[in-house]
>>> print(open('input_5.txt').read())   # compact mmCIF, C-alpha atoms
# COMPACT_ATOMS: atom_id res chain seq x y z
CA MET V 1 -21.27 33.80 23.72
CA LYS V 2 -23.27 35.74 26.28
CA SER V 3 -22.84 39.54 26.41
CA VAL V 4 -23.20 41.50 29.63
CA ASP V 5 -23.45 45.26 30.08
CA ALA V 6 -21.93 46.39 33.39
CA MET V 7 -21.48 50.02 32.36
CA GLY V 8 -21.98 52.51 35.16
CA LEU V 9 -21.67 49.83 37.84
CA SER V 10 -19.00 49.67 40.49
CA CYS V 11 -17.37 46.69 42.18
CA PRO V 12 -18.22 44.08 43.18
CA GLU V 13 -21.37 44.10 40.98
CA PRO V 14 -19.64 43.52 37.60
CA VAL V 15 -17.83 40.45 39.00
CA ILE V 16 -21.14 38.99 40.16
CA MET V 17 -22.66 39.69 36.72
CA ALA V 18 -19.71 37.92 35.09
CA LYS V 19 -20.15 34.99 37.47
CA ARG V 20 -23.87 34.66 36.64
CA ALA V 21 -23.28 34.99 32.92
CA LEU V 22 -20.56 32.35 33.00
CA LYS V 23 -23.00 29.91 34.61
CA ASP V 24 -25.37 30.30 31.63
CA SER V 25 -22.59 30.40 29.06
CA PRO V 26 -19.66 28.33 30.38
CA ASP V 27 -17.58 28.50 27.18
CA GLY V 28 -17.14 32.23 27.32
CA ILE V 29 -18.65 35.66 27.92
CA GLU V 30 -18.18 39.24 26.87
CA ILE V 31 -18.68 42.05 29.40
CA LYS V 32 -18.60 45.82 29.00
CA VAL V 33 -17.33 47.98 31.90
CA ASP V 34 -16.40 51.65 32.25
CA ASN V 35 -13.94 51.83 35.14
CA VAL V 36 -10.48 50.46 35.90
CA ALA V 37 -11.43 48.56 39.05
CA SER V 38 -14.21 46.71 37.20
CA ARG V 39 -11.90 45.96 34.26
CA GLU V 40 -9.24 44.54 36.57
CA ASN V 41 -11.60 42.64 38.85
CA VAL V 42 -13.61 41.05 36.03
CA SER V 43 -10.35 40.06 34.27
CA ARG V 44 -9.07 38.52 37.51
CA TYR V 45 -12.32 36.62 37.98
CA LEU V 46 -12.36 35.18 34.47
CA GLU V 47 -8.66 34.22 34.67
CA ALA V 48 -9.17 32.57 38.06
CA MET V 49 -12.02 30.57 36.45
CA GLY V 50 -9.52 29.31 33.88
CA LEU V 51 -10.58 31.45 30.90
CA LYS V 52 -8.32 33.20 28.42
CA VAL V 53 -8.96 36.91 28.78
CA SER V 54 -8.59 39.72 26.25
CA VAL V 55 -9.45 43.38 26.80
CA GLU V 56 -10.36 45.88 24.11
CA GLU V 57 -10.57 49.59 24.91
CA ARG V 58 -12.69 52.14 23.13
CA ARG V 59 -13.37 55.65 24.37
CA GLY V 60 -13.38 55.11 28.12
CA GLU V 61 -15.09 51.75 27.97
CA TRP V 62 -13.62 48.29 27.98
CA ARG V 63 -14.92 45.13 26.37
CA ILE V 64 -13.55 42.11 28.23
CA THR V 65 -13.76 38.74 26.54
CA GLY V 66 -13.16 35.46 28.34
CA ARG V 67 -12.98 32.19 26.42
CA ARG V 68 -12.30 28.58 27.37
CA MET S 1 -33.68 45.29 58.70
CA VAL S 2 -32.14 47.33 55.88
CA ARG S 3 -28.64 46.27 54.75
CA LEU S 4 -26.46 49.27 55.51
CA THR S 5 -23.83 48.24 52.96
CA SER S 6 -26.46 48.21 50.19
CA LEU S 7 -26.92 51.98 50.67
CA VAL S 8 -23.34 52.94 49.88
CA ARG S 9 -21.03 52.75 46.88
CA THR S 10 -17.79 52.37 48.81
CA SER S 11 -17.21 51.31 52.37
CA GLY S 12 -14.90 51.85 55.29
CA CYS S 13 -11.44 53.20 54.62
CA ALA S 14 -11.77 51.99 51.01
CA ALA S 15 -13.91 55.13 50.60
CA LYS S 16 -10.86 57.35 51.06
CA LEU S 17 -10.09 59.70 48.21
CA SER S 18 -7.29 58.25 46.08
CA PRO S 19 -3.85 59.08 47.49
CA LYS S 20 -2.82 60.46 44.10
CA ASP S 21 -5.71 62.94 43.98
CA LEU S 22 -5.21 63.94 47.62
CA ASP S 23 -1.50 64.45 47.05
CA SER S 24 -2.11 66.65 44.00
CA VAL S 25 -4.51 68.89 45.96
CA LEU S 26 -2.48 69.13 49.17
CA SER S 27 0.70 69.97 47.29
CA ASP S 28 -0.97 73.27 46.26
CA ILE S 29 -2.24 74.10 49.75
CA PRO S 30 0.20 76.14 51.87
CA LEU S 31 1.18 74.70 55.24
CA MET S 32 -0.14 76.66 58.20
CA ARG S 33 2.10 76.85 61.24
CA CYS S 34 1.82 78.27 64.73
CA ASP S 35 3.94 78.14 67.87
CA GLY S 36 3.54 74.79 69.55
CA LEU S 37 2.39 72.87 66.47
CA LEU S 38 4.84 69.96 66.30
CA GLU S 39 3.14 67.99 63.54
CA GLY S 40 0.89 69.21 60.75
CA PHE S 41 0.06 67.41 57.50
CA GLU S 42 3.54 67.72 55.94
CA HIS S 43 4.62 64.15 56.81
CA SER S 44 1.23 62.51 56.20
CA ASP S 45 1.20 61.51 59.87
CA ASP S 46 -1.89 60.17 61.66
CA ALA S 47 -2.82 63.22 63.72
CA LEU S 48 -1.78 66.75 64.58
CA VAL S 49 0.46 67.18 67.61
CA TYR S 50 0.43 70.38 69.70
CA ASP S 51 2.87 71.17 72.49
CA MET S 52 0.95 72.09 75.67
CA GLY S 53 4.10 73.60 77.21
CA ASP S 54 3.86 71.50 80.38
CA GLY S 55 5.65 68.38 79.15
CA ARG S 56 2.49 67.08 77.47
CA VAL S 57 1.27 67.23 73.90
CA LEU S 58 -2.30 67.31 72.61
CA ILE S 59 -3.01 64.92 69.73
CA GLU S 60 -6.05 65.49 67.52
CA THR S 61 -7.55 63.50 64.68
CA VAL S 62 -10.78 63.05 62.72
CA ASP S 63 -11.97 60.02 60.77
CA PHE S 64 -15.32 58.92 59.34
CA PHE S 65 -16.61 56.71 56.53
CA PRO S 66 -19.58 54.80 55.08
CA PRO S 67 -20.53 51.39 56.56
CA MET S 68 -18.68 48.18 55.66
CA VAL S 69 -20.96 45.94 57.74
CA ASP S 70 -24.76 45.71 57.89
CA ASP S 71 -25.20 45.73 61.66
CA PRO S 72 -25.40 49.37 62.83
CA PHE S 73 -23.96 48.75 66.33
CA THR S 74 -20.96 46.91 64.83
CA PHE S 75 -20.51 49.71 62.29
CA GLY S 76 -20.39 52.23 65.15
CA GLN S 77 -17.82 50.11 66.98
CA ILE S 78 -15.59 49.82 63.90
CA ALA S 79 -15.78 53.52 63.01
CA ALA S 80 -14.87 54.46 66.57
CA ALA S 81 -12.04 51.91 66.87
CA ASN S 82 -10.69 53.27 63.58
CA ALA S 83 -10.82 56.92 64.68
CA LEU S 84 -9.32 56.19 68.11
CA SER S 85 -6.50 54.29 66.41
CA ASP S 86 -4.89 57.50 65.12
CA ILE S 87 -4.28 58.55 68.73
CA TYR S 88 -2.76 55.14 69.61
CA ALA S 89 -0.63 55.30 66.45
CA MET S 90 0.96 58.47 67.86
CA GLY S 91 1.55 56.75 71.23
CA GLY S 92 -1.17 58.76 72.97
CA ASP S 93 -4.20 58.19 75.22
CA PRO S 94 -7.57 59.23 73.79
CA LYS S 95 -9.57 61.39 76.22
CA LEU S 96 -12.30 63.33 74.40
CA ALA S 97 -14.33 62.50 71.32
CA MET S 98 -17.13 64.03 69.25
CA ASN S 99 -19.48 62.20 66.89
CA LEU S 100 -19.67 62.93 63.17
CA MET S 101 -22.81 61.51 61.61
CA CYS S 102 -24.31 61.66 58.13
CA PHE S 103 -27.69 59.98 57.98
CA PRO S 104 -30.37 59.51 55.29
CA HIS S 105 -33.75 60.94 56.32
CA CYS S 106 -35.52 57.87 54.91
CA LEU S 107 -33.80 55.48 57.35
CA GLU S 108 -35.22 54.53 60.74
CA LEU S 109 -33.77 56.62 63.54
CA ALA S 110 -33.29 53.44 65.56
CA ILE S 111 -30.41 52.64 63.21
CA MET S 112 -28.70 55.94 64.00
CA LYS S 113 -29.11 55.26 67.69
CA GLU S 114 -27.47 51.84 67.35
CA ILE S 115 -24.53 53.33 65.42
CA LEU S 116 -24.00 55.94 68.16
CA LEU S 117 -24.23 53.29 70.89
CA GLY S 118 -21.64 51.17 69.06
CA GLY S 119 -19.32 54.16 68.87
CA MET S 120 -19.85 54.93 72.53
CA ASP S 121 -19.06 51.31 73.45
CA LYS S 122 -15.56 51.56 71.96
CA VAL S 123 -14.90 55.08 73.26
CA ARG S 124 -15.77 53.82 76.75
CA GLU S 125 -13.46 50.81 76.32
CA ALA S 126 -10.71 53.28 75.35
CA GLY S 127 -11.25 55.20 78.61
CA ALA S 128 -12.43 58.33 76.77
CA VAL S 129 -15.76 60.18 76.64
CA ILE S 130 -18.01 61.42 73.83
CA ALA S 131 -19.01 64.99 74.58
CA GLY S 132 -20.82 66.27 71.51
CA GLY S 133 -21.10 65.92 67.79
CA HIS S 134 -22.64 67.04 64.53
CA THR S 135 -25.26 65.41 62.30
CA ILE S 136 -25.98 66.00 58.61
CA SER S 137 -28.78 64.64 56.45
CA ASP S 138 -27.09 62.82 53.57
CA SER S 139 -27.98 60.26 50.90
CA GLU S 140 -25.46 57.75 52.31
CA PRO S 141 -24.87 57.00 55.98
CA LYS S 142 -21.40 57.83 57.33
CA TYR S 143 -20.07 57.85 60.86
CA GLY S 144 -16.88 58.55 62.73
CA LEU S 145 -15.28 60.63 65.44
CA SER S 146 -13.00 63.52 66.02
CA VAL S 147 -10.73 62.48 68.89
CA THR S 148 -8.43 64.39 71.20
CA GLY S 149 -5.74 62.58 73.15
CA PHE S 150 -2.67 63.35 75.18
CA ALA S 151 0.86 62.00 75.53
CA LYS S 152 4.10 62.96 77.21
CA LYS S 153 6.06 65.09 74.78
CA ASN S 154 9.07 62.76 74.76
CA GLU S 155 6.89 59.67 74.25
CA VAL S 156 5.09 60.67 71.05
CA TRP S 157 5.60 58.39 68.05
CA TYR S 158 5.89 59.76 64.56
CA ASN S 159 5.81 57.84 61.28
CA ARG S 160 9.38 59.01 60.63
CA GLY S 161 12.35 57.71 62.60
CA LEU S 162 12.98 54.24 61.14
CA LYS S 163 16.53 53.11 61.94
CA GLU S 164 18.62 50.80 59.82
CA GLY S 165 18.49 47.29 61.29
CA ASP S 166 15.06 47.86 62.89
CA VAL S 167 12.31 45.34 62.47
CA ILE S 168 8.73 46.43 61.80
CA ILE S 169 5.85 44.72 63.59
CA LEU S 170 2.28 44.68 62.27
CA THR S 171 -0.27 44.02 65.02
CA LYS S 172 -3.36 42.96 63.02
CA LYS S 173 -4.12 40.85 59.96
CA ILE S 174 -4.65 42.43 56.54
CA GLY S 175 -7.35 41.58 53.99
CA VAL S 176 -10.41 43.24 55.54
CA GLY S 177 -11.03 45.41 52.44
CA VAL S 178 -11.29 42.37 50.21
CA VAL S 179 -13.50 40.50 52.69
CA ASN S 180 -15.80 43.54 53.10
CA THR S 181 -16.11 43.86 49.31
CA ALA S 182 -16.96 40.19 48.87
CA SER S 183 -19.37 40.13 51.80
CA LYS S 184 -21.45 42.91 50.16
CA VAL S 185 -22.47 40.29 47.60
CA ASP S 186 -22.43 37.29 49.95
CA GLU S 187 -19.24 35.85 48.44
CA ALA S 188 -17.13 35.80 51.63
CA ASP S 189 -17.12 32.84 54.06
CA GLU S 190 -18.76 33.34 57.44
CA SER S 191 -15.42 32.62 59.13
CA SER S 192 -13.60 35.29 57.07
CA ILE S 193 -16.31 37.85 57.87
CA LYS S 194 -16.16 36.97 61.56
CA ASP S 195 -12.38 37.28 61.53
CA ALA S 196 -12.53 40.65 59.74
CA ILE S 197 -15.14 42.06 62.14
CA ALA S 198 -13.19 40.86 65.18
CA SER S 199 -10.10 42.57 63.78
CA MET S 200 -11.84 45.86 62.88
CA THR S 201 -13.56 46.16 66.28
CA THR S 202 -10.32 45.56 68.21
CA LEU S 203 -8.83 48.72 69.68
CA ASN S 204 -5.13 49.32 69.07
CA LYS S 205 -4.94 50.17 72.78
CA ARG S 206 -3.44 46.81 73.72
CA ALA S 207 -0.71 47.18 71.10
CA ARG S 208 0.05 50.68 72.35
CA ASP S 209 0.08 49.47 75.98
CA ALA S 210 2.38 46.55 75.09
CA SER S 211 4.93 49.13 73.90
CA ARG S 212 5.24 50.75 77.34
CA GLY S 213 8.88 51.11 78.35
CA LEU S 214 10.12 49.96 74.96
CA ASP S 215 12.12 52.09 72.54
CA ILE S 216 9.75 52.58 69.57
CA HIS S 217 11.50 54.45 66.76
CA ALA S 218 8.48 55.09 64.54
CA ALA S 219 4.82 54.11 64.34
CA THR S 220 1.67 54.49 62.32
CA ASP S 221 -1.54 52.54 61.72
CA VAL S 222 -2.67 50.74 58.60
CA THR S 223 -5.86 52.12 57.07
CA GLY S 224 -7.13 53.04 53.62
CA PHE S 225 -3.79 53.51 51.90
CA SER S 226 -2.98 49.82 52.51
CA LEU S 227 -0.05 48.08 54.19
CA LEU S 228 2.33 49.19 51.45
CA GLY S 229 0.94 52.74 51.42
CA HIS S 230 1.55 53.28 55.11
CA LEU S 231 4.96 51.58 55.01
CA ARG S 232 5.81 53.86 52.11
CA GLU S 233 5.01 56.94 54.22
CA MET S 234 7.29 55.61 56.99
CA ALA S 235 10.10 54.82 54.55
CA LYS S 236 9.78 58.14 52.74
CA SER S 237 9.75 60.36 55.81
CA SER S 238 12.65 58.36 57.35
CA GLU S 239 14.68 58.18 54.12
CA LYS S 240 15.11 54.42 54.40
CA THR S 241 14.11 51.33 52.43
CA VAL S 242 11.74 48.84 54.03
CA GLU S 243 12.05 45.19 53.01
CA ILE S 244 8.79 43.29 53.54
CA SER S 245 8.81 39.49 53.83
CA TYR S 246 5.49 38.57 52.25
CA HIS S 247 5.17 35.18 53.99
CA LEU S 248 5.36 36.87 57.41
CA VAL S 249 2.41 39.23 56.79
CA PRO S 250 -0.61 38.02 58.82
CA GLN S 251 -3.75 37.71 56.69
CA ILE S 252 -7.40 36.89 57.19
CA ASP S 253 -8.04 33.33 56.03
CA GLY S 254 -9.75 33.34 52.65
CA ALA S 255 -8.80 36.94 51.76
CA LEU S 256 -6.10 35.94 49.27
CA GLU S 257 -8.50 33.62 47.43
CA LEU S 258 -11.07 36.45 47.21
CA ALA S 259 -8.38 38.78 45.82
CA LYS S 260 -7.53 36.17 43.20
CA PHE S 261 -11.19 36.09 42.12
CA GLY S 262 -11.38 39.87 41.71
CA PHE S 263 -13.13 41.02 44.90
CA LEU S 264 -10.81 43.99 45.34
CA PRO S 265 -12.23 47.36 46.35
CA GLU S 266 -11.60 50.23 43.95
CA GLY S 267 -9.23 51.77 46.52
CA ALA S 268 -6.82 48.86 46.05
CA TYR S 269 -6.28 49.93 42.44
CA ASN S 270 -5.88 53.59 43.40
CA ASN S 271 -3.31 52.53 45.98
CA ARG S 272 -1.46 50.36 43.47
CA GLU S 273 -1.30 53.19 40.93
CA PHE S 274 0.07 55.68 43.47
CA ILE S 275 2.44 53.43 45.41
CA SER S 276 3.81 50.90 42.91
CA PRO S 277 6.47 53.23 41.39
CA ASP S 278 8.15 53.08 44.83
CA VAL S 279 7.95 49.28 45.22
CA SER S 280 10.11 46.51 43.84
CA PHE S 281 8.37 43.13 43.90
CA SER S 282 10.33 39.91 43.78
CA PRO S 283 9.26 38.00 40.63
CA ASP S 284 8.15 35.16 42.95
CA ILE S 285 5.30 37.27 44.35
CA LYS S 286 2.02 36.38 42.63
CA ARG S 287 -0.39 39.06 41.41
CA GLU S 288 -2.99 38.33 44.10
CA GLU S 289 -0.26 38.52 46.73
CA GLU S 290 0.66 41.98 45.47
CA ASP S 291 -3.03 42.89 45.40
CA ILE S 292 -3.61 42.05 49.05
CA LEU S 293 -0.70 44.29 50.05
CA PHE S 294 -2.54 47.20 48.33
CA ASP S 295 -5.88 46.31 49.95
CA PRO S 296 -7.34 49.29 51.89
CA GLN S 297 -7.74 48.37 55.55
CA THR S 298 -10.43 49.66 57.87
CA SER S 299 -9.32 49.93 61.50
CA GLY S 300 -6.09 48.08 60.71
CA GLY S 301 -3.23 47.36 63.08
CA LEU S 302 -0.27 49.42 64.23
CA LEU S 303 3.08 49.34 62.44
CA LEU S 304 5.86 49.70 65.01
CA SER S 305 9.57 50.00 64.25
CA MET S 306 12.10 48.95 66.89
CA ASP S 307 15.24 46.87 67.32
CA ARG S 308 15.00 43.07 67.58
CA GLU S 309 15.49 42.96 71.34
CA ASN S 310 12.56 45.29 71.95
CA ALA S 311 10.52 43.42 69.33
CA GLU S 312 10.90 40.16 71.23
CA ILE S 313 9.65 41.75 74.44
CA PHE S 314 6.75 43.35 72.55
CA LEU S 315 5.73 40.06 70.90
CA SER S 316 5.91 38.22 74.23
CA ARG S 317 3.34 40.75 75.54
CA MET S 318 1.16 40.29 72.44
CA LYS S 319 0.87 36.48 72.54
CA ASP S 320 -2.48 35.18 71.22
CA THR S 321 -2.73 38.16 68.81
CA PRO S 322 -1.72 38.23 65.11
CA ALA S 323 1.21 40.62 65.89
CA SER S 324 4.26 39.61 63.83
CA ILE S 325 7.54 40.97 62.55
CA ILE S 326 6.88 41.58 58.84
CA ALA S 327 9.73 43.77 57.61
CA GLU S 328 13.26 45.05 58.13
CA VAL S 329 14.62 48.54 57.72
CA LYS S 330 17.54 48.88 55.31
CA GLU S 331 19.75 51.66 54.08
CA LYS S 332 17.91 53.72 51.45
CA GLY S 333 18.09 51.85 48.16
CA GLU S 334 16.66 52.45 44.74
CA LYS S 335 13.04 52.02 45.88
CA LEU S 336 11.36 52.89 49.18
CA LEU S 337 9.86 49.41 49.51
CA ALA S 338 11.05 45.95 48.50
CA VAL S 339 8.78 42.91 48.78
CA ILE S 340 10.47 39.51 49.00
CA PRO S 341 8.72 36.12 49.36
>>> encode(input="input_5.txt", output="structure tokens")
Amino acid sequence: MKSVDAMGLSCPEPVIMAKRALKDSPDGIEIKVDNVASRENVSRYLEAMGLKVSVEERRGEWRITGRR
Amino acid sequence: MVRLTSLVRTSGCAAKLSPKDLDSVLSDIPLMRCDGLLEGFEHSDDALVYDMGDGRVLIETVDFFPPMVDDPFTFGQIAAANALSDIYAMGGDPKLAMNLMCFPHCLELAIMKEILLGGMDKVREAGAVIAGGHTISDSEPKYGLSVTGFAKKNEVWYNRGLKEGDVIILTKKIGVGVVNTASKVDEADESSIKDAIASMTTLNKRARDASRGLDIHAATDVTGFSLLGHLREMAKSSEKTVEISYHLVPQIDGALELAKFGFLPEGAYNNREFISPDVSFSPDIKREEEDILFDPQTSGGLLLSMDRENAEIFLSRMKDTPASIIAEVKEKGEKLLAVIP
């Protein structure tokens, strides 16, 4: 599974990073973000692409995992 | 040519401070009053209103933001249309305007000139003049206007005054925040971008003019706090509940799909956090449909509350525009806003 670091970035960049990563790794990706809008937008993107999404929070950062 | 939108973190009215933060600050700031001041910031209305004492009122507003499009002339047009809109939303005629410009010293001055010419183009179309301004060197470009307008005292519209049984008309499509966000990374269709730009550069003058002689009970315009945010202000200050029929809300083609794929500006989430405690959504409304109702609009349409008879006359004058009845005013219920399919 491909891991992407989108910490410190604001929308729509993290969604584009998720999109690119998903092209290379179609079965699933993991992406780290540090703001609510990025967490929500990346989750929406992965769900709209048909992936199962889980979000794990640790100290102001979120690790979003999307799997087929 | 440099891409203006690549220089800024947020764009258009999506750059507004979150309504929650603004509310928490303003609640600690005392209201200032003076004789003649009919409207200050207590009702979150669009502009201040001052009684001239001769049957007229002076209406004053200020609005500026970072670019949401790459073409500087178009950016100037949109920023000006957006600032002028606050005067139309109060039922007034804009007369005098001043430029507000923040501009990075590393950018070509030709870009600043184009922005100013775009602003002037819309101010001229509005029948007003630009007679000054102020420029600051800043890391991100921003542009807008302060605008002064006039109206007859008994013809001013406030955001309060909704009457039970009224219908509410929205005069432009929503979804420009989502389209602007997606277009920053080339994810929006050309047709959606064209539609959004056409909407943002349209003055609300025609909508105001189409209301002449009609009995408008309340009005505002839709900007950064989203369709639901501005309806909430109307409902709150009028102590009524507004029931929005989702399927009647005009939208830019493609915007809903972009919302579904996560191209929402940060402001949409700030709006949702602040407004959603006052909204009941029918379970049939999908998440992306909720999202688009929280989407911050730049230079959005007017919201006008009136009875059905007046609404029919208004709509007959607004043929070939997106103007539609989108909501009804009800007795105050549990929540200020209810969204039904």
>>> residues_around(input="input_5.txt", residues="segment 54-62 of chain S", least_positions_apart="3", cutoff="8 Å", atoms="all atoms listed in the file", output="number ranges by chain")
S: 46-51, 83, 86-87, 90, 92, 144-154
>>> interface_residues(input="input_5.txt", of="chain S", to="chain V", cutoff="9 Å", atoms="only C-alpha atoms", output="list in words")
Arg9, Thr10, Thr181, Ala182, Lys184, Val185, Ala259, Lys260, Phe261, Gly262, Phe263, Leu264, Pro265, Glu266, Gly267, Ala268, Tyr269, Asn270 and Glu288 of chain S
>>> residues_near_point(input="input_5.txt", point="(-30.8, 62.0, 56.0)", cutoff="8 Å", atoms="all atoms listed in the file", output="ChimeraX atom specification")
/S:102-107,136-141
>>> write_last_selection(input="input_5.txt", atoms="C-alpha atoms", output="PDB file, in the frame of the given file")
ATOM      1  CA  CYS S 102     -24.310  61.660  58.130  1.00  0.00           C
ATOM      2  CA  PHE S 103     -27.690  59.980  57.980  1.00  0.00           C
ATOM      3  CA  PRO S 104     -30.370  59.510  55.290  1.00  0.00           C
ATOM      4  CA  HIS S 105     -33.750  60.940  56.320  1.00  0.00           C
ATOM      5  CA  CYS S 106     -35.520  57.870  54.910  1.00  0.00           C
ATOM      6  CA  LEU S 107     -33.800  55.480  57.350  1.00  0.00           C
ATOM      7  CA  ILE S 136     -25.980  66.000  58.610  1.00  0.00           C
ATOM      8  CA  SER S 137     -28.780  64.640  56.450  1.00  0.00           C
ATOM      9  CA  ASP S 138     -27.090  62.820  53.570  1.00  0.00           C
ATOM     10  CA  SER S 139     -27.980  60.260  50.900  1.00  0.00           C
ATOM     11  CA  GLU S 140     -25.460  57.750  52.310  1.00  0.00           C
ATOM     12  CA  PRO S 141     -24.870  57.000  55.980  1.00  0.00           C
TER      13      PRO S 141
END
>>> atom_distance(input="input_5.txt", atom1="atom CA of Trp157 of chain S", atom2="atom CA of Ala210 of chain S")
14.1 Å
>>> closest_residue(input="input_5.txt", among="S:Lys319, S:Lys332, S:Arg232, S:Lys142", to="Ile115 of chain S", atoms="only C-alpha atoms")
S:Lys142
>>> closest_residue(input="input_5.txt", among="S:Asp295, S:Glu273, S:Glu164, S:Asp195", to="Phe225 of chain S", atoms="all atoms listed in the file")
S:Asp295
>>> closest_residue(input="input_5.txt", among="S:Asn99, S:Ser24, S:Thr220, S:Asn159", to="Gly132 of chain S", atoms="only C-alpha atoms")
S:Asn99
>>> closest_residue(input="input_5.txt", among="S:Val2, S:Asn82, S:Asp45, S:Ala126", to="Asp70 of chain S", atoms="only C-alpha atoms")
S:Val2
>>> atom_distance(input="input_5.txt", atom1="atom CA of Leu336 of chain S", atom2="atom CA of Glu239 of chain S")
8.0 Å
>>> closest_residue(input="input_5.txt", among="S:Lys335, S:Phe294, S:Gly300, S:Ala235", to="Thr202 of chain S", atoms="all atoms listed in the file")
S:Gly300
>>> atom_distance(input="input_5.txt", atom1="atom CA of Leu293 of chain S", atom2="atom CA of Ser6 of chain S")
26.1 Å
>>> closest_residue(input="input_5.txt", among="S:Ile275, S:Lys113, S:Gly91, S:Asp121", to="His217 of chain S", atoms="only C-alpha atoms")
S:Gly91
>>> residues_around(input="input_5.txt", residues="Glu114 of chain S", least_positions_apart="3", cutoff="9 Å", atoms="all atoms listed in the file", output="ChimeraX atom specification")
/S:71-76,109-111,117-119
>>> residues_near_point(input="input_5.txt", point="(-11.4, 32.2, 27.7)", cutoff="6 Å", atoms="all atoms listed in the file", output="list in words")
Gly28, Leu51, Lys52, Val53, Gly66, Arg67 and Arg68 of chain V
>>> residues_around(input="input_5.txt", residues="Thr65 of chain V", least_positions_apart="2", cutoff="7 Å", atoms="only C-alpha atoms", output="ChimeraX atom specification")
/V:29-31,53-55,63,67
>>> residues_around(input="input_5.txt", residues="Lys286 of chain S", least_positions_apart="4", cutoff="12 Å", atoms="only C-alpha atoms", output="PyMOL selection string")
chain S and resi 246-247+256-257+259-260+281-282+290-293+339-341
>>> decode(input="input_5.txt", residues="segment 38-42 of chain S", atoms="all heavy atoms", output="mmCIF file, in the first residue's frame")
data_model
loop_
_atom_site.group_PDB
_atom_site.id
_atom_site.type_symbol
_atom_site.label_atom_id
_atom_site.label_comp_id
_atom_site.auth_asym_id
_atom_site.auth_seq_id
_atom_site.Cartn_x
_atom_site.Cartn_y
_atom_site.Cartn_z
ATOM 1 N N LEU S 38 -29.194 53.373 11.264
ATOM 2 C CA LEU S 38 -30.353 52.473 11.312
ATOM 3 C C LEU S 38 -29.925 51.017 11.387
ATOM 4 O O LEU S 38 -30.661 50.177 11.873
ATOM 5 C CB LEU S 38 -31.243 52.679 10.078
ATOM 6 C CG LEU S 38 -31.763 54.102 9.852
ATOM 7 C CD1 LEU S 38 -32.569 54.172 8.567
ATOM 8 C CD2 LEU S 38 -32.615 54.571 11.023
ATOM 9 N N GLU S 39 -28.746 50.711 10.851
ATOM 10 C CA GLU S 39 -28.296 49.326 10.833
ATOM 11 C C GLU S 39 -26.793 49.277 11.069
ATOM 12 O O GLU S 39 -26.023 49.854 10.310
ATOM 13 C CB GLU S 39 -28.636 48.687 9.465
ATOM 14 C CG GLU S 39 -28.439 47.204 9.388
ATOM 15 C CD GLU S 39 -29.487 46.417 10.183
ATOM 16 O OE1 GLU S 39 -30.558 46.957 10.481
ATOM 17 O OE2 GLU S 39 -29.202 45.259 10.530
ATOM 18 N N GLY S 40 -26.379 48.599 12.134
ATOM 19 C CA GLY S 40 -24.964 48.371 12.379
ATOM 20 C C GLY S 40 -24.665 46.905 12.136
ATOM 21 O O GLY S 40 -25.261 46.305 11.235
ATOM 22 N N PHE S 41 -23.793 46.294 12.937
ATOM 23 C CA PHE S 41 -23.478 44.882 12.665
ATOM 24 C C PHE S 41 -24.275 43.904 13.519
ATOM 25 O O PHE S 41 -24.054 42.705 13.478
ATOM 26 C CB PHE S 41 -21.967 44.620 12.744
ATOM 27 C CG PHE S 41 -21.306 44.818 14.080
ATOM 28 C CD1 PHE S 41 -21.499 43.888 15.099
ATOM 29 C CD2 PHE S 41 -20.475 45.901 14.324
ATOM 30 C CE1 PHE S 41 -20.866 44.056 16.329
ATOM 31 C CE2 PHE S 41 -19.848 46.078 15.550
ATOM 32 C CZ PHE S 41 -20.050 45.147 16.560
ATOM 33 N N GLU S 42 -25.264 44.421 14.288
ATOM 34 C CA GLU S 42 -25.986 43.560 15.236
ATOM 35 C C GLU S 42 -26.803 42.464 14.568
ATOM 36 O O GLU S 42 -27.013 41.413 15.164
ATOM 37 C CB GLU S 42 -26.858 44.408 16.180
ATOM 38 C CG GLU S 42 -27.962 45.243 15.528
ATOM 39 C CD GLU S 42 -27.483 46.607 15.013
ATOM 40 O OE1 GLU S 42 -26.273 46.762 14.769
ATOM 41 O OE2 GLU S 42 -28.322 47.503 14.828
#
